[in-house]
Amino acid sequence: LAEQMISKGIATDKLAQSVAEYYFKAGNVDKALRYSARAAELAGRQPRPDNVTENEWNRRVAKIQGRAHWMAGRILMDRGQFTEADREFREALPALQGNDVMLAEALFHLGWANYKLGHLVEAEKFNHACVQYRGPFQDAARRHLDVIRAQRSSNR
């Protein structure tokens, strides 16, 4: 039903986001990618209700768009599309402030994507930022920092 509503143009950004997250969790990444892009698009186009302040509305839109870009970044990383993943995660970063788990993961993947693209300074910057957050990506980011620093010093 939700997909039919989206295809007919009568869906909200939240509905598209829910469908995207459903497919993301189910492993149907093509549909997750399509619906996350739709959620981000709808979030930016919907009019602000009268009973919501502009600041509240902007935060809500940023949250939906940030989650959509984060999801797309994850999918693109898994596909090895590092340039595209980098772009998506960078779009997501501002909206992830305050969500340390998602932020740390985005920083970690940005570090990895930039390493794979040969952008060692950027890779070091993102891994260093990731290390600041406790969680499952902290130790891996530390190991990546050691590798990047060793590689950078050997290139000098």
# chains A, B, ... in the order shown; residues from 1 in each chain; ligands from 1
>>> residues_around(residues="stretch 54-64 of chain A", least_positions_apart="6", cutoff="12 Å", atoms="only C-alpha atoms", output="MDAnalysis selection string")
chainID A and resid 12:18 20:21 35:48 70:71 91:99 102
>>> write_last_selection(atoms="N, CA and C atoms", output="compact mmCIF listing (two decimals), in the first residue's frame")
# COMPACT_ATOMS: atom_id res chain seq x y z
N THR A 12 4.08 10.81 2.02
CA THR A 12 4.88 11.76 2.78
C THR A 12 6.32 11.27 2.84
N ASP A 13 7.19 12.15 3.27
CA ASP A 13 8.59 11.78 3.43
C ASP A 13 8.74 10.68 4.48
N LYS A 14 7.94 10.74 5.53
CA LYS A 14 8.02 9.72 6.59
C LYS A 14 7.62 8.34 6.07
N LEU A 15 6.62 8.30 5.21
CA LEU A 15 6.20 7.03 4.63
C LEU A 15 7.31 6.47 3.74
N ALA A 16 7.88 7.31 2.90
CA ALA A 16 8.98 6.86 2.03
C ALA A 16 10.17 6.40 2.87
N GLN A 17 10.43 7.10 3.96
CA GLN A 17 11.53 6.72 4.85
C GLN A 17 11.25 5.37 5.50
N SER A 18 10.03 5.14 5.92
CA SER A 18 9.68 3.85 6.52
C SER A 18 9.85 2.71 5.53
N ALA A 20 11.85 2.72 2.92
CA ALA A 20 13.29 2.58 2.69
C ALA A 20 13.93 1.78 3.81
N GLU A 21 13.59 2.09 5.04
CA GLU A 21 14.18 1.37 6.18
C GLU A 21 13.73 -0.09 6.20
N TYR A 35 13.96 4.28 -2.36
CA TYR A 35 13.03 4.93 -1.44
C TYR A 35 13.72 5.90 -0.49
N SER A 36 14.99 5.66 -0.20
CA SER A 36 15.69 6.65 0.64
C SER A 36 15.89 7.94 -0.16
N ALA A 37 16.18 7.82 -1.45
CA ALA A 37 16.30 9.02 -2.29
C ALA A 37 14.95 9.74 -2.37
N ARG A 38 13.89 8.97 -2.46
CA ARG A 38 12.54 9.57 -2.52
C ARG A 38 12.20 10.29 -1.22
N ALA A 39 12.57 9.68 -0.09
CA ALA A 39 12.32 10.30 1.22
C ALA A 39 13.05 11.63 1.32
N ALA A 40 14.32 11.66 0.91
CA ALA A 40 15.11 12.90 0.97
C ALA A 40 14.49 13.96 0.08
N GLU A 41 14.04 13.55 -1.10
CA GLU A 41 13.42 14.49 -2.04
C GLU A 41 12.11 15.04 -1.46
N LEU A 42 11.26 14.17 -0.95
CA LEU A 42 9.98 14.61 -0.39
C LEU A 42 10.17 15.50 0.82
N ALA A 43 11.15 15.19 1.66
CA ALA A 43 11.39 15.99 2.86
C ALA A 43 11.73 17.43 2.50
N GLY A 44 12.44 17.61 1.41
CA GLY A 44 12.82 18.94 0.99
C GLY A 44 11.73 19.72 0.28
N ARG A 45 10.67 19.03 -0.14
CA ARG A 45 9.61 19.68 -0.92
C ARG A 45 8.32 19.94 -0.16
N GLN A 46 8.11 19.23 0.91
CA GLN A 46 6.83 19.36 1.62
C GLN A 46 6.72 20.70 2.32
N PRO A 47 5.54 21.30 2.30
CA PRO A 47 5.35 22.58 2.99
C PRO A 47 5.32 22.40 4.51
N ARG A 48 5.78 23.40 5.19
CA ARG A 48 5.79 23.38 6.66
C ARG A 48 4.38 23.62 7.17
N TRP A 70 22.51 8.62 4.90
CA TRP A 70 23.30 7.62 5.63
C TRP A 70 23.03 6.22 5.07
N MET A 71 21.75 5.91 4.86
CA MET A 71 21.38 4.60 4.34
C MET A 71 21.98 4.39 2.95
N GLU A 91 26.75 14.35 2.97
CA GLU A 91 25.43 14.97 3.04
C GLU A 91 24.75 14.64 4.37
N ALA A 92 24.99 13.45 4.88
CA ALA A 92 24.33 13.00 6.11
C ALA A 92 24.91 13.61 7.37
N LEU A 93 26.19 13.92 7.37
CA LEU A 93 26.89 14.33 8.60
C LEU A 93 26.19 15.40 9.43
N PRO A 94 25.78 16.52 8.86
CA PRO A 94 25.17 17.55 9.71
C PRO A 94 23.93 17.05 10.46
N ALA A 95 23.14 16.20 9.83
CA ALA A 95 21.92 15.72 10.45
C ALA A 95 22.17 14.63 11.49
N LEU A 96 23.37 14.06 11.49
CA LEU A 96 23.67 12.98 12.43
C LEU A 96 24.21 13.48 13.76
N GLN A 97 24.46 14.78 13.85
CA GLN A 97 24.95 15.34 15.11
C GLN A 97 23.94 15.01 16.21
N GLY A 98 24.43 14.48 17.31
CA GLY A 98 23.55 14.09 18.41
C GLY A 98 23.19 12.61 18.39
N ASN A 99 23.45 11.93 17.29
CA ASN A 99 23.24 10.49 17.20
C ASN A 99 24.63 9.86 17.04
N MET A 102 25.21 6.53 14.81
CA MET A 102 25.19 6.71 13.36
C MET A 102 26.31 7.63 12.89
>>> select_by_dssp(residues="chain A", states="alpha helix (DSSP H)", output="ChimeraX atom specification")
/A:2-7,13-26,29-45,54-78,82-96,100-116,120-131,138-154
>>> closest_residue(among="A:Leu33, A:Ala2, A:Ile148, A:Val131", to="A:Val19", atoms="only C-alpha atoms")
A:Ala2
>>> residues_around(residues="A:His144", least_positions_apart="3", cutoff="10 Å", atoms="only C-alpha atoms", output="ChimeraX atom specification")
/A:108,111-112,115,123-124,127-128,138-141,147-150
>>> atom_distance(atom1="atom CA of A:Ala32", atom2="atom CA of A:Lys125")
29.2 Å
>>> atom_distance(atom1="atom CA of A:Ile10", atom2="atom CA of A:Lys31")
18.3 Å
>>> atom_distance(atom1="atom CA of A:Arg79", atom2="atom CA of A:Leu110")
14.3 Å
>>> closest_residue(among="A:Ala72, A:Ala26, A:Ile6, A:Cys130", to="A:Val101", atoms="only C-alpha atoms")
A:Cys130
>>> closest_residue(among="A:Arg67, A:Arg134, A:Arg34, A:Arg152", to="A:Glu122", atoms="only C-alpha atoms")
A:Arg152
>>> decode(residues="stretch 2-152 of chain A", atoms="C-alpha atoms", output="PDB file, in the first residue's frame")
ATOM      1  CA  ALA A   2       2.803   2.383   0.930  1.00  0.00           C
ATOM      2  CA  GLU A   3       4.572   1.738  -2.370  1.00  0.00           C
ATOM      3  CA  GLN A   4       1.347   2.419  -4.277  1.00  0.00           C
ATOM      4  CA  MET A   5       0.879   5.700  -2.438  1.00  0.00           C
ATOM      5  CA  ILE A   6       4.464   6.714  -3.192  1.00  0.00           C
ATOM      6  CA  SER A   7       4.110   5.817  -6.881  1.00  0.00           C
ATOM      7  CA  LYS A   8       0.911   7.902  -7.102  1.00  0.00           C
ATOM      8  CA  GLY A   9       2.632  10.897  -5.514  1.00  0.00           C
ATOM      9  CA  ILE A  10       0.446  10.977  -2.418  1.00  0.00           C
ATOM     10  CA  ALA A  11       3.069   9.848   0.086  1.00  0.00           C
ATOM     11  CA  THR A  12       4.877  11.762   2.779  1.00  0.00           C
ATOM     12  CA  ASP A  13       8.591  11.784   3.434  1.00  0.00           C
ATOM     13  CA  LYS A  14       8.021   9.722   6.586  1.00  0.00           C
ATOM     14  CA  LEU A  15       6.198   7.033   4.634  1.00  0.00           C
ATOM     15  CA  ALA A  16       8.977   6.859   2.034  1.00  0.00           C
ATOM     16  CA  GLN A  17      11.526   6.724   4.852  1.00  0.00           C
ATOM     17  CA  SER A  18       9.676   3.852   6.522  1.00  0.00           C
ATOM     18  CA  VAL A  19       9.581   1.898   3.265  1.00  0.00           C
ATOM     19  CA  ALA A  20      13.289   2.582   2.689  1.00  0.00           C
ATOM     20  CA  GLU A  21      14.178   1.366   6.176  1.00  0.00           C
ATOM     21  CA  TYR A  22      12.027  -1.728   5.750  1.00  0.00           C
ATOM     22  CA  TYR A  23      13.836  -2.681   2.548  1.00  0.00           C
ATOM     23  CA  PHE A  24      17.224  -1.760   4.035  1.00  0.00           C
ATOM     24  CA  LYS A  25      16.673  -4.120   6.972  1.00  0.00           C
ATOM     25  CA  ALA A  26      15.271  -6.807   4.657  1.00  0.00           C
ATOM     26  CA  GLY A  27      18.382  -6.615   2.480  1.00  0.00           C
ATOM     27  CA  ASN A  28      16.636  -5.351  -0.645  1.00  0.00           C
ATOM     28  CA  VAL A  29      19.185  -2.600  -1.174  1.00  0.00           C
ATOM     29  CA  ASP A  30      17.994  -1.519  -4.616  1.00  0.00           C
ATOM     30  CA  LYS A  31      14.561  -0.633  -3.281  1.00  0.00           C
ATOM     31  CA  ALA A  32      16.088   0.834  -0.099  1.00  0.00           C
ATOM     32  CA  LEU A  33      18.272   3.103  -2.218  1.00  0.00           C
ATOM     33  CA  ARG A  34      15.332   4.178  -4.372  1.00  0.00           C
ATOM     34  CA  TYR A  35      13.032   4.929  -1.439  1.00  0.00           C
ATOM     35  CA  SER A  36      15.695   6.652   0.636  1.00  0.00           C
ATOM     36  CA  ALA A  37      16.304   9.020  -2.288  1.00  0.00           C
ATOM     37  CA  ARG A  38      12.543   9.570  -2.521  1.00  0.00           C
ATOM     38  CA  ALA A  39      12.320  10.303   1.217  1.00  0.00           C
ATOM     39  CA  ALA A  40      15.106  12.896   0.972  1.00  0.00           C
ATOM     40  CA  GLU A  41      13.416  14.490  -2.035  1.00  0.00           C
ATOM     41  CA  LEU A  42       9.984  14.606  -0.392  1.00  0.00           C
ATOM     42  CA  ALA A  43      11.390  15.994   2.863  1.00  0.00           C
ATOM     43  CA  GLY A  44      12.825  18.945   0.990  1.00  0.00           C
ATOM     44  CA  ARG A  45       9.609  19.684  -0.922  1.00  0.00           C
ATOM     45  CA  GLN A  46       6.831  19.357   1.616  1.00  0.00           C
ATOM     46  CA  PRO A  47       5.351  22.582   2.987  1.00  0.00           C
ATOM     47  CA  ARG A  48       5.789  23.378   6.661  1.00  0.00           C
ATOM     48  CA  PRO A  49       2.579  22.984   8.673  1.00  0.00           C
ATOM     49  CA  ASP A  50       1.367  26.157  10.390  1.00  0.00           C
ATOM     50  CA  ASN A  51       1.635  24.616  13.868  1.00  0.00           C
ATOM     51  CA  VAL A  52       5.363  23.813  13.503  1.00  0.00           C
ATOM     52  CA  THR A  53       8.113  26.408  13.937  1.00  0.00           C
ATOM     53  CA  GLU A  54      10.613  26.885  11.160  1.00  0.00           C
ATOM     54  CA  ASN A  55      13.454  25.588  13.350  1.00  0.00           C
ATOM     55  CA  GLU A  56      11.503  22.456  14.282  1.00  0.00           C
ATOM     56  CA  TRP A  57      10.620  21.885  10.643  1.00  0.00           C
ATOM     57  CA  ASN A  58      14.217  22.334   9.482  1.00  0.00           C
ATOM     58  CA  ARG A  59      15.411  19.830  12.111  1.00  0.00           C
ATOM     59  CA  ARG A  60      12.765  17.327  11.038  1.00  0.00           C
ATOM     60  CA  VAL A  61      13.657  17.691   7.354  1.00  0.00           C
ATOM     61  CA  ALA A  62      17.381  17.405   8.124  1.00  0.00           C
ATOM     62  CA  LYS A  63      16.799  14.278  10.199  1.00  0.00           C
ATOM     63  CA  ILE A  64      14.900  12.506   7.419  1.00  0.00           C
ATOM     64  CA  GLN A  65      17.361  13.611   4.753  1.00  0.00           C
ATOM     65  CA  GLY A  66      20.323  12.675   6.961  1.00  0.00           C
ATOM     66  CA  ARG A  67      18.976   9.191   7.589  1.00  0.00           C
ATOM     67  CA  ALA A  68      18.262   8.747   3.875  1.00  0.00           C
ATOM     68  CA  HIS A  69      21.787   9.823   2.894  1.00  0.00           C
ATOM     69  CA  TRP A  70      23.304   7.622   5.632  1.00  0.00           C
ATOM     70  CA  MET A  71      21.377   4.600   4.339  1.00  0.00           C
ATOM     71  CA  ALA A  72      22.449   5.306   0.762  1.00  0.00           C
ATOM     72  CA  GLY A  73      26.061   5.692   1.919  1.00  0.00           C
ATOM     73  CA  ARG A  74      25.981   2.309   3.626  1.00  0.00           C
ATOM     74  CA  ILE A  75      24.598   0.606   0.530  1.00  0.00           C
ATOM     75  CA  LEU A  76      27.112   2.291  -1.772  1.00  0.00           C
ATOM     76  CA  MET A  77      30.015   1.339   0.531  1.00  0.00           C
ATOM     77  CA  ASP A  78      28.940  -2.296   0.340  1.00  0.00           C
ATOM     78  CA  ARG A  79      28.915  -2.002  -3.439  1.00  0.00           C
ATOM     79  CA  GLY A  80      32.401  -0.500  -3.486  1.00  0.00           C
ATOM     80  CA  GLN A  81      31.114   2.768  -4.954  1.00  0.00           C
ATOM     81  CA  PHE A  82      33.366   4.873  -2.761  1.00  0.00           C
ATOM     82  CA  THR A  83      32.994   8.235  -4.508  1.00  0.00           C
ATOM     83  CA  GLU A  84      29.210   8.028  -4.321  1.00  0.00           C
ATOM     84  CA  ALA A  85      29.309   6.742  -0.720  1.00  0.00           C
ATOM     85  CA  ASP A  86      31.581   9.635   0.245  1.00  0.00           C
ATOM     86  CA  ARG A  87      29.093  12.117  -1.208  1.00  0.00           C
ATOM     87  CA  GLU A  88      26.128  10.522   0.596  1.00  0.00           C
ATOM     88  CA  PHE A  89      27.855  10.339   3.978  1.00  0.00           C
ATOM     89  CA  ARG A  90      29.032  13.950   3.715  1.00  0.00           C
ATOM     90  CA  GLU A  91      25.427  14.966   3.044  1.00  0.00           C
ATOM     91  CA  ALA A  92      24.327  12.999   6.107  1.00  0.00           C
ATOM     92  CA  LEU A  93      26.891  14.327   8.599  1.00  0.00           C
ATOM     93  CA  PRO A  94      25.169  17.550   9.709  1.00  0.00           C
ATOM     94  CA  ALA A  95      21.915  15.719  10.451  1.00  0.00           C
ATOM     95  CA  LEU A  96      23.668  12.977  12.427  1.00  0.00           C
ATOM     96  CA  GLN A  97      24.947  15.339  15.114  1.00  0.00           C
ATOM     97  CA  GLY A  98      23.550  14.094  18.410  1.00  0.00           C
ATOM     98  CA  ASN A  99      23.240  10.486  17.202  1.00  0.00           C
ATOM     99  CA  ASP A 100      26.696   9.235  18.168  1.00  0.00           C
ATOM    100  CA  VAL A 101      26.155   5.690  16.883  1.00  0.00           C
ATOM    101  CA  MET A 102      25.186   6.711  13.355  1.00  0.00           C
ATOM    102  CA  LEU A 103      27.696   9.563  13.332  1.00  0.00           C
ATOM    103  CA  ALA A 104      30.586   7.288  14.311  1.00  0.00           C
ATOM    104  CA  GLU A 105      29.604   4.791  11.647  1.00  0.00           C
ATOM    105  CA  ALA A 106      29.383   7.511   8.993  1.00  0.00           C
ATOM    106  CA  LEU A 107      32.801   8.876   9.993  1.00  0.00           C
ATOM    107  CA  PHE A 108      34.310   5.394   9.891  1.00  0.00           C
ATOM    108  CA  HIS A 109      32.922   4.726   6.409  1.00  0.00           C
ATOM    109  CA  LEU A 110      34.040   8.156   5.222  1.00  0.00           C
ATOM    110  CA  GLY A 111      37.528   7.284   6.424  1.00  0.00           C
ATOM    111  CA  TRP A 112      37.449   3.952   4.610  1.00  0.00           C
ATOM    112  CA  ALA A 113      36.012   5.426   1.398  1.00  0.00           C
ATOM    113  CA  ASN A 114      38.653   8.143   1.307  1.00  0.00           C
ATOM    114  CA  TYR A 115      41.394   5.604   1.987  1.00  0.00           C
ATOM    115  CA  LYS A 116      40.172   3.491  -0.929  1.00  0.00           C
ATOM    116  CA  LEU A 117      40.071   6.613  -3.107  1.00  0.00           C
ATOM    117  CA  GLY A 118      43.679   7.442  -2.162  1.00  0.00           C
ATOM    118  CA  HIS A 119      42.746  10.570  -0.193  1.00  0.00           C
ATOM    119  CA  LEU A 120      44.905   9.766   2.810  1.00  0.00           C
ATOM    120  CA  VAL A 121      44.659  13.164   4.518  1.00  0.00           C
ATOM    121  CA  GLU A 122      40.857  12.992   4.408  1.00  0.00           C
ATOM    122  CA  ALA A 123      40.910   9.347   5.495  1.00  0.00           C
ATOM    123  CA  GLU A 124      43.051  10.256   8.488  1.00  0.00           C
ATOM    124  CA  LYS A 125      40.761  13.165   9.387  1.00  0.00           C
ATOM    125  CA  PHE A 126      37.604  11.032   9.365  1.00  0.00           C
ATOM    126  CA  ASN A 127      39.167   8.126  11.257  1.00  0.00           C
ATOM    127  CA  HIS A 128      40.520  10.531  13.859  1.00  0.00           C
ATOM    128  CA  ALA A 129      37.027  11.977  14.299  1.00  0.00           C
ATOM    129  CA  CYS A 130      35.553   8.464  14.560  1.00  0.00           C
ATOM    130  CA  VAL A 131      37.984   7.495  17.346  1.00  0.00           C
ATOM    131  CA  GLN A 132      36.407  10.182  19.526  1.00  0.00           C
ATOM    132  CA  TYR A 133      33.209   8.113  19.814  1.00  0.00           C
ATOM    133  CA  ARG A 134      33.020   4.998  21.964  1.00  0.00           C
ATOM    134  CA  GLY A 135      31.497   2.055  20.213  1.00  0.00           C
ATOM    135  CA  PRO A 136      32.031  -0.683  17.675  1.00  0.00           C
ATOM    136  CA  PHE A 137      33.958   1.486  15.188  1.00  0.00           C
ATOM    137  CA  GLN A 138      36.449   3.037  17.604  1.00  0.00           C
ATOM    138  CA  ASP A 139      39.069   0.255  17.617  1.00  0.00           C
ATOM    139  CA  ALA A 140      38.860  -0.304  13.868  1.00  0.00           C
ATOM    140  CA  ALA A 141      39.303   3.432  13.273  1.00  0.00           C
ATOM    141  CA  ARG A 142      42.407   3.381  15.504  1.00  0.00           C
ATOM    142  CA  ARG A 143      43.868   0.519  13.473  1.00  0.00           C
ATOM    143  CA  HIS A 144      43.082   2.375  10.253  1.00  0.00           C
ATOM    144  CA  LEU A 145      44.812   5.478  11.624  1.00  0.00           C
ATOM    145  CA  ASP A 146      47.972   3.469  12.293  1.00  0.00           C
ATOM    146  CA  VAL A 147      47.949   2.082   8.742  1.00  0.00           C
ATOM    147  CA  ILE A 148      47.243   5.483   7.175  1.00  0.00           C
ATOM    148  CA  ARG A 149      49.948   7.240   9.170  1.00  0.00           C
ATOM    149  CA  ALA A 150      52.485   4.548   8.331  1.00  0.00           C
ATOM    150  CA  GLN A 151      51.549   4.775   4.652  1.00  0.00           C
ATOM    151  CA  ARG A 152      51.721   8.578   4.644  1.00  0.00           C
TER     152      ARG A 152
END
